[in-house]
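J.: Just coords-v6.cif, nothing more (mmCIF, C-alpha atoms; chains and numbers go by the auth columns):
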```cif
data_target
#
loop_
_atom_site.group_PDB
_atom_site.id
_atom_site.type_symbol
_atom_site.label_atom_id
_atom_site.label_comp_id
_atom_site.label_asym_id
_atom_site.label_seq_id
_atom_site.Cartn_x
_atom_site.Cartn_y
_atom_site.Cartn_z
_atom_site.B_iso_or_equiv
_atom_site.auth_seq_id
_atom_site.auth_asym_id
ATOM 1 C CA SER A 1 7.859 47.863 -20.121 0.00 214 H
ATOM 2 C CA LEU A 2 7.948 48.611 -16.429 0.00 215 H
ATOM 3 C CA PHE A 3 7.340 44.999 -15.469 0.00 216 H
ATOM 4 C CA LEU A 4 10.552 43.688 -13.972 0.00 217 H
ATOM 5 C CA GLY A 5 9.145 40.992 -11.677 0.00 218 H
ATOM 6 C CA GLY A 6 10.326 37.417 -11.777 0.00 219 H
ATOM 7 C CA ALA A 7 8.858 35.190 -14.435 0.00 220 H
ATOM 8 C CA ALA A 8 6.240 32.696 -13.347 0.00 221 H
ATOM 9 C CA LYS A 9 7.807 29.322 -12.794 0.00 222 H
ATOM 10 C CA ALA A 10 5.857 27.464 -15.461 0.00 223 H
ATOM 11 C CA GLU A 11 7.527 24.344 -16.764 0.00 224 H
ATOM 12 C CA VAL A 12 6.895 25.070 -20.422 0.00 225 H
ATOM 13 C CA ASP A 13 8.640 21.939 -21.635 0.00 226 H
ATOM 14 C CA TYR A 14 6.955 19.544 -19.182 0.00 227 H
ATOM 15 C CA ASP A 15 7.190 16.233 -21.010 0.00 228 H
ATOM 16 C CA GLY A 16 3.979 14.886 -19.457 0.00 229 H
ATOM 17 C CA ILE A 17 1.829 17.711 -20.833 0.00 230 H
ATOM 18 C CA LYS A 18 0.540 15.390 -23.557 0.00 231 H
ATOM 19 C CA TYR A 19 -1.054 13.224 -20.835 0.00 232 H
ATOM 20 C CA LEU A 20 -3.121 16.013 -19.304 0.00 233 H
ATOM 21 C CA GLY A 21 -5.927 15.778 -21.840 0.00 234 H
ATOM 22 C CA GLY A 22 -4.418 16.652 -25.178 0.00 235 H
ATOM 23 C CA GLY A 23 -3.271 13.219 -26.253 0.00 236 H
ATOM 24 C CA ASP A 24 -4.704 9.726 -26.371 0.00 237 H
ATOM 25 C CA LYS A 25 -3.336 8.742 -22.952 0.00 238 H
ATOM 26 C CA VAL A 26 -4.224 10.249 -19.566 0.00 239 H
ATOM 27 C CA ASP A 27 -1.880 10.680 -16.603 0.00 240 H
ATOM 28 C CA LEU A 28 -3.772 9.330 -13.584 0.00 241 H
ATOM 29 C CA ASN A 29 -1.797 11.514 -11.171 0.00 242 H
ATOM 30 C CA ASN A 30 -1.955 14.913 -12.877 0.00 243 H
ATOM 31 C CA ALA A 31 -4.791 15.106 -15.393 0.00 244 H
ATOM 32 C CA ASN A 32 -7.847 17.239 -14.719 0.00 245 H
ATOM 33 C CA ILE A 33 -11.149 15.413 -14.338 0.00 246 H
ATOM 34 C CA ARG A 34 -12.243 16.758 -17.742 0.00 247 H
ATOM 35 C CA ALA A 35 -9.446 14.777 -19.444 0.00 248 H
ATOM 36 C CA TYR A 36 -11.546 11.655 -18.807 0.00 249 H
ATOM 37 C CA LEU A 37 -14.427 12.942 -20.950 0.00 250 H
ATOM 38 C CA LYS A 38 -12.896 11.351 -24.036 0.00 251 H
ATOM 39 C CA ILE A 39 -12.679 7.860 -22.531 0.00 252 H
ATOM 40 C CA PRO A 40 -16.115 6.200 -22.667 0.00 253 H
ATOM 41 C CA GLY A 41 -17.689 5.389 -19.319 0.00 254 H
ATOM 42 C CA LEU A 42 -15.218 7.182 -17.062 0.00 255 H
ATOM 43 C CA TYR A 43 -16.794 10.613 -16.649 0.00 256 H
ATOM 44 C CA PRO A 44 -17.987 11.703 -14.142 0.00 257 H
ATOM 45 C CA THR A 45 -18.176 8.864 -11.583 0.00 258 H
ATOM 46 C CA ILE A 46 -14.991 6.865 -12.140 0.00 259 H
ATOM 47 C CA ALA A 47 -13.050 10.007 -13.102 0.00 260 H
ATOM 48 C CA SER A 48 -14.055 11.569 -9.786 0.00 261 H
ATOM 49 C CA LYS A 49 -12.789 8.519 -7.899 0.00 262 H
ATOM 50 C CA ILE A 50 -9.480 8.653 -9.800 0.00 263 H
ATOM 51 C CA VAL A 51 -8.773 12.339 -9.106 0.00 264 H
ATOM 52 C CA ASN A 52 -9.783 11.969 -5.462 0.00 265 H
ATOM 53 C CA ASN A 53 -7.809 8.791 -4.702 0.00 266 H
ATOM 54 C CA GLY A 54 -4.382 9.406 -6.241 0.00 267 H
ATOM 55 C CA PRO A 55 -1.530 9.581 -6.403 0.00 268 H
ATOM 56 C CA PHE A 56 -1.013 6.135 -7.863 0.00 269 H
ATOM 57 C CA LYS A 57 2.298 4.293 -8.064 0.00 270 H
ATOM 58 C CA SER A 58 1.171 2.213 -11.041 0.00 271 H
ATOM 59 C CA VAL A 59 -1.821 1.996 -13.364 0.00 272 H
ATOM 60 C CA SER A 60 -2.980 -1.176 -11.610 0.00 273 H
ATOM 61 C CA ASP A 61 -3.384 0.795 -8.361 0.00 274 H
ATOM 62 C CA VAL A 62 -6.684 2.196 -9.708 0.00 275 H
ATOM 63 C CA TYR A 63 -8.310 -1.174 -9.062 0.00 276 H
ATOM 64 C CA SER A 64 -7.814 -0.818 -5.310 0.00 277 H
ATOM 65 C CA MET A 65 -9.681 2.495 -5.012 0.00 278 H
ATOM 66 C CA PRO A 66 -12.337 2.407 -2.287 0.00 279 H
ATOM 67 C CA GLY A 67 -15.944 2.067 -3.417 0.00 280 H
ATOM 68 C CA LEU A 68 -15.123 0.754 -6.882 0.00 281 H
ATOM 69 C CA THR A 69 -17.834 -1.569 -8.219 0.00 282 H
ATOM 70 C CA GLU A 70 -17.155 -4.627 -10.371 0.00 283 H
ATOM 71 C CA ALA A 71 -18.789 -2.839 -13.310 0.00 284 H
ATOM 72 C CA GLU A 72 -16.473 0.164 -12.828 0.00 285 H
ATOM 73 C CA LYS A 73 -13.470 -2.169 -12.689 0.00 286 H
ATOM 74 C CA GLY A 74 -14.594 -3.560 -16.047 0.00 287 H
ATOM 75 C CA VAL A 75 -14.753 -0.053 -17.540 0.00 288 H
ATOM 76 C CA LEU A 76 -11.268 0.697 -16.178 0.00 289 H
ATOM 77 C CA LYS A 77 -9.934 -2.578 -17.596 0.00 290 H
ATOM 78 C CA LYS A 78 -11.162 -1.618 -21.082 0.00 291 H
ATOM 79 C CA ALA A 79 -9.483 1.795 -20.790 0.00 292 H
ATOM 80 C CA GLU A 80 -6.301 0.627 -19.055 0.00 293 H
ATOM 81 C CA ASN A 81 -4.119 1.070 -22.160 0.00 294 H
ATOM 82 C CA LYS A 82 -5.034 4.773 -22.177 0.00 295 H
ATOM 83 C CA PHE A 83 -3.523 5.423 -18.718 0.00 296 H
ATOM 84 C CA VAL A 84 -0.030 6.406 -17.635 0.00 297 H
ATOM 85 C CA VAL A 85 1.277 7.199 -14.160 0.00 298 H
ATOM 86 C CA LEU A 86 3.811 10.002 -13.803 0.00 299 H
ATOM 87 C CA ASP A 87 5.183 11.721 -10.724 0.00 300 H
ATOM 88 C CA THR A 88 2.668 14.110 -9.217 0.00 301 H
ATOM 89 C CA LYS A 89 3.333 17.731 -10.191 0.00 302 H
ATOM 90 C CA PRO A 90 1.824 20.155 -7.647 0.00 303 H
ATOM 91 C CA GLU A 91 1.035 22.739 -10.318 0.00 304 H
ATOM 92 C CA TYR A 92 -1.239 20.239 -12.127 0.00 305 H
ATOM 93 C CA ASP A 93 -2.439 18.247 -9.112 0.00 306 H
ATOM 94 C CA ILE A 94 -4.051 21.369 -7.631 0.00 307 H
ATOM 95 C CA ASP A 95 -6.292 21.741 -10.700 0.00 308 H
ATOM 96 C CA LYS A 96 -7.375 18.117 -11.066 0.00 309 H
ATOM 97 C CA ILE A 97 -10.918 18.642 -9.812 0.00 310 H
ATOM 98 C CA ASN A 98 -11.689 22.275 -10.578 0.00 311 H
ATOM 99 C CA ASN A 99 -9.576 23.937 -13.219 0.00 312 H
ATOM 100 C CA GLY A 100 -11.462 27.201 -13.211 0.00 313 H
ATOM 101 C CA LEU A 101 -13.800 26.280 -16.063 0.00 314 H
ATOM 102 C CA TYR A 102 -17.343 27.214 -15.198 0.00 315 H
ATOM 103 C CA ARG A 103 -20.511 27.023 -17.266 0.00 316 H
#
```
Now, as a test, write the supplied structure out as structure tokens.
T.:
Amino acid sequence: SLFLGGAAKAEVDYDGIKYLGGGDKVDLNNANIRAYLKIPGLYPTIASKIVNNGPFKSVSDVYSMPGLTEAEKGVLKKAENKFVVLDTKPEYDIDKINNGLYR
């Protein structure tokens, strides 16, 4: 092989990968908007607010997002046990809204 360039700096063993849509919990700071599809009532409206208003320091910070209705707060409350908050990773944060998947 003639390719001798440096390897891409992907963090293959990123411990939070299970919270980006593949597990039963979702990382509020790094997950793509599509990760919220599996939690009833969150996609697209509340999910959009989450990805546009982070990063969050704690799960409870989601309740102080601007424009959140009482009904939306109720939906979040029901789903609260499915959320985690990890440090923002730029390589995932950049893809939160549009991860290159088009119809």
J.: List the residues matched by the PyMOL selection byres ((chain H and resi 289-295) around 9) in the displayed structure as number ranges by chain, ordered by chain and then by residue number.
T.: H: 237-240, 252-255, 259, 272-273, 275-276, 284-288, 296-297
J.: Could you check which of H:Thr258, H:Gly235, H:Tyr305, H:Lys270 is closest to Thr282 of chain H, using all atoms listed in the file?
T.: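 For Thr282 of chain H, the nearest of the candidates is H:Thr258.
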J.: Return as AutoDock Vina command-line options the box centre and box size in Å, one decimal, for an axis-aligned box around all listed atoms of segment 294-301 of chain H padded by 8 Å per side.
T.:
```
--center_x 0.1 --center_y 7.6 --center_z -15.7 --size_x 26.2 --size_y 29.0 --size_z 29.0
```
J.: Once the PyMOL selection byres ((chain H and resi 243) around 10) is applied to the coordinates I shared, what remains selected? I want it as number ranges by chain.
T.: H: 229-230, 232-234, 239-242, 244-246, 248, 264, 267-268, 297-309
J.: Quick check, in Å to one decimal: how far apart do atom CA of Lys251 of chain H and atom CA of Asn265 of chain H lie?
T.: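 So the answer is 18.8 Å.
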J.: To one decimal place, how far is atom CA of Ser277 of chain H from atom CA of Tyr227 of chain H in Å?
T.: 28.7 Å
J.: Atom CA of Ser261 of chain H and atom CA of Arg247 of chain H, how far apart in Å?
T.: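 Spanning atom CA of Arg247 of chain H to atom CA of Ser261 of chain H is a straight-line distance of 9.7 Å.
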J.: Missing atoms in segment 278-297 of chain H should be modelled up to N, CA, C and O atoms and reported as a PDB file, in the coordinates of the input.
T.:
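File part-v6.pdb, as written:
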```
ATOM      1  N   MET H 278      -9.017   1.304  -5.546  1.00  0.00           N
ATOM      2  CA  MET H 278      -9.681   2.495  -5.012  1.00  0.00           C
ATOM      3  C   MET H 278     -10.902   2.068  -4.209  1.00  0.00           C
ATOM      4  O   MET H 278     -11.608   1.134  -4.596  1.00  0.00           O
ATOM      5  N   PRO H 279     -11.164   2.751  -3.080  1.00  0.00           N
ATOM      6  CA  PRO H 279     -12.337   2.407  -2.287  1.00  0.00           C
ATOM      7  C   PRO H 279     -13.640   2.702  -3.029  1.00  0.00           C
ATOM      8  O   PRO H 279     -13.728   3.674  -3.780  1.00  0.00           O
ATOM      9  N   GLY H 280     -14.624   1.835  -2.847  1.00  0.00           N
ATOM     10  CA  GLY H 280     -15.944   2.067  -3.417  1.00  0.00           C
ATOM     11  C   GLY H 280     -16.072   1.742  -4.891  1.00  0.00           C
ATOM     12  O   GLY H 280     -17.080   2.060  -5.516  1.00  0.00           O
ATOM     13  N   LEU H 281     -15.082   1.088  -5.462  1.00  0.00           N
ATOM     14  CA  LEU H 281     -15.123   0.754  -6.882  1.00  0.00           C
ATOM     15  C   LEU H 281     -15.975  -0.502  -7.083  1.00  0.00           C
ATOM     16  O   LEU H 281     -15.737  -1.523  -6.453  1.00  0.00           O
ATOM     17  N   THR H 282     -16.972  -0.419  -7.951  1.00  0.00           N
ATOM     18  CA  THR H 282     -17.834  -1.569  -8.219  1.00  0.00           C
ATOM     19  C   THR H 282     -17.169  -2.482  -9.258  1.00  0.00           C
ATOM     20  O   THR H 282     -16.243  -2.071  -9.953  1.00  0.00           O
ATOM     21  N   GLU H 283     -17.687  -3.697  -9.362  1.00  0.00           N
ATOM     22  CA  GLU H 283     -17.155  -4.627 -10.371  1.00  0.00           C
ATOM     23  C   GLU H 283     -17.362  -4.064 -11.780  1.00  0.00           C
ATOM     24  O   GLU H 283     -16.515  -4.209 -12.648  1.00  0.00           O
ATOM     25  N   ALA H 284     -18.507  -3.433 -12.001  1.00  0.00           N
ATOM     26  CA  ALA H 284     -18.789  -2.839 -13.310  1.00  0.00           C
ATOM     27  C   ALA H 284     -17.771  -1.743 -13.629  1.00  0.00           C
ATOM     28  O   ALA H 284     -17.286  -1.637 -14.762  1.00  0.00           O
ATOM     29  N   GLU H 285     -17.457  -0.906 -12.619  1.00  0.00           N
ATOM     30  CA  GLU H 285     -16.473   0.164 -12.828  1.00  0.00           C
ATOM     31  C   GLU H 285     -15.087  -0.415 -13.107  1.00  0.00           C
ATOM     32  O   GLU H 285     -14.339   0.105 -13.938  1.00  0.00           O
ATOM     33  N   LYS H 286     -14.756  -1.522 -12.430  1.00  0.00           N
ATOM     34  CA  LYS H 286     -13.470  -2.169 -12.689  1.00  0.00           C
ATOM     35  C   LYS H 286     -13.409  -2.648 -14.133  1.00  0.00           C
ATOM     36  O   LYS H 286     -12.367  -2.570 -14.781  1.00  0.00           O
ATOM     37  N   GLY H 287     -14.532  -3.121 -14.654  1.00  0.00           N
ATOM     38  CA  GLY H 287     -14.594  -3.560 -16.047  1.00  0.00           C
ATOM     39  C   GLY H 287     -14.354  -2.407 -17.011  1.00  0.00           C
ATOM     40  O   GLY H 287     -13.651  -2.549 -18.010  1.00  0.00           O
ATOM     41  N   VAL H 288     -14.947  -1.251 -16.700  1.00  0.00           N
ATOM     42  CA  VAL H 288     -14.753  -0.053 -17.540  1.00  0.00           C
ATOM     43  C   VAL H 288     -13.276   0.358 -17.503  1.00  0.00           C
ATOM     44  O   VAL H 288     -12.681   0.673 -18.541  1.00  0.00           O
ATOM     45  N   LEU H 289     -12.686   0.343 -16.313  1.00  0.00           N
ATOM     46  CA  LEU H 289     -11.268   0.697 -16.178  1.00  0.00           C
ATOM     47  C   LEU H 289     -10.387  -0.273 -16.963  1.00  0.00           C
ATOM     48  O   LEU H 289      -9.420   0.145 -17.605  1.00  0.00           O
ATOM     49  N   LYS H 290     -10.726  -1.560 -16.901  1.00  0.00           N
ATOM     50  CA  LYS H 290      -9.934  -2.578 -17.596  1.00  0.00           C
ATOM     51  C   LYS H 290      -9.913  -2.301 -19.102  1.00  0.00           C
ATOM     52  O   LYS H 290      -8.868  -2.399 -19.750  1.00  0.00           O
ATOM     53  N   LYS H 291     -11.082  -1.921 -19.643  1.00  0.00           N
ATOM     54  CA  LYS H 291     -11.162  -1.618 -21.082  1.00  0.00           C
ATOM     55  C   LYS H 291     -10.321  -0.402 -21.449  1.00  0.00           C
ATOM     56  O   LYS H 291      -9.816  -0.298 -22.556  1.00  0.00           O
ATOM     57  N   ALA H 292     -10.190   0.541 -20.521  1.00  0.00           N
ATOM     58  CA  ALA H 292      -9.483   1.795 -20.790  1.00  0.00           C
ATOM     59  C   ALA H 292      -8.025   1.774 -20.324  1.00  0.00           C
ATOM     60  O   ALA H 292      -7.295   2.734 -20.539  1.00  0.00           O
ATOM     61  N   GLU H 293      -7.613   0.689 -19.707  1.00  0.00           N
ATOM     62  CA  GLU H 293      -6.301   0.627 -19.055  1.00  0.00           C
ATOM     63  C   GLU H 293      -5.139   1.038 -19.961  1.00  0.00           C
ATOM     64  O   GLU H 293      -4.190   1.689 -19.516  1.00  0.00           O
ATOM     65  N   ASN H 294      -5.215   0.720 -21.240  1.00  0.00           N
ATOM     66  CA  ASN H 294      -4.119   1.070 -22.160  1.00  0.00           C
ATOM     67  C   ASN H 294      -4.052   2.564 -22.454  1.00  0.00           C
ATOM     68  O   ASN H 294      -3.128   3.028 -23.103  1.00  0.00           O
ATOM     69  N   LYS H 295      -5.028   3.320 -21.978  1.00  0.00           N
ATOM     70  CA  LYS H 295      -5.034   4.773 -22.177  1.00  0.00           C
ATOM     71  C   LYS H 295      -4.457   5.522 -20.971  1.00  0.00           C
ATOM     72  O   LYS H 295      -4.431   6.736 -20.958  1.00  0.00           O
ATOM     73  N   PHE H 296      -4.017   4.793 -19.942  1.00  0.00           N
ATOM     74  CA  PHE H 296      -3.523   5.423 -18.718  1.00  0.00           C
ATOM     75  C   PHE H 296      -2.006   5.356 -18.612  1.00  0.00           C
ATOM     76  O   PHE H 296      -1.392   4.377 -19.012  1.00  0.00           O
ATOM     77  N   VAL H 297      -1.432   6.403 -18.039  1.00  0.00           N
ATOM     78  CA  VAL H 297      -0.030   6.406 -17.635  1.00  0.00           C
ATOM     79  C   VAL H 297       0.012   6.963 -16.214  1.00  0.00           C
ATOM     80  O   VAL H 297      -0.929   7.616 -15.763  1.00  0.00           O
TER      81      VAL H 297
END
```
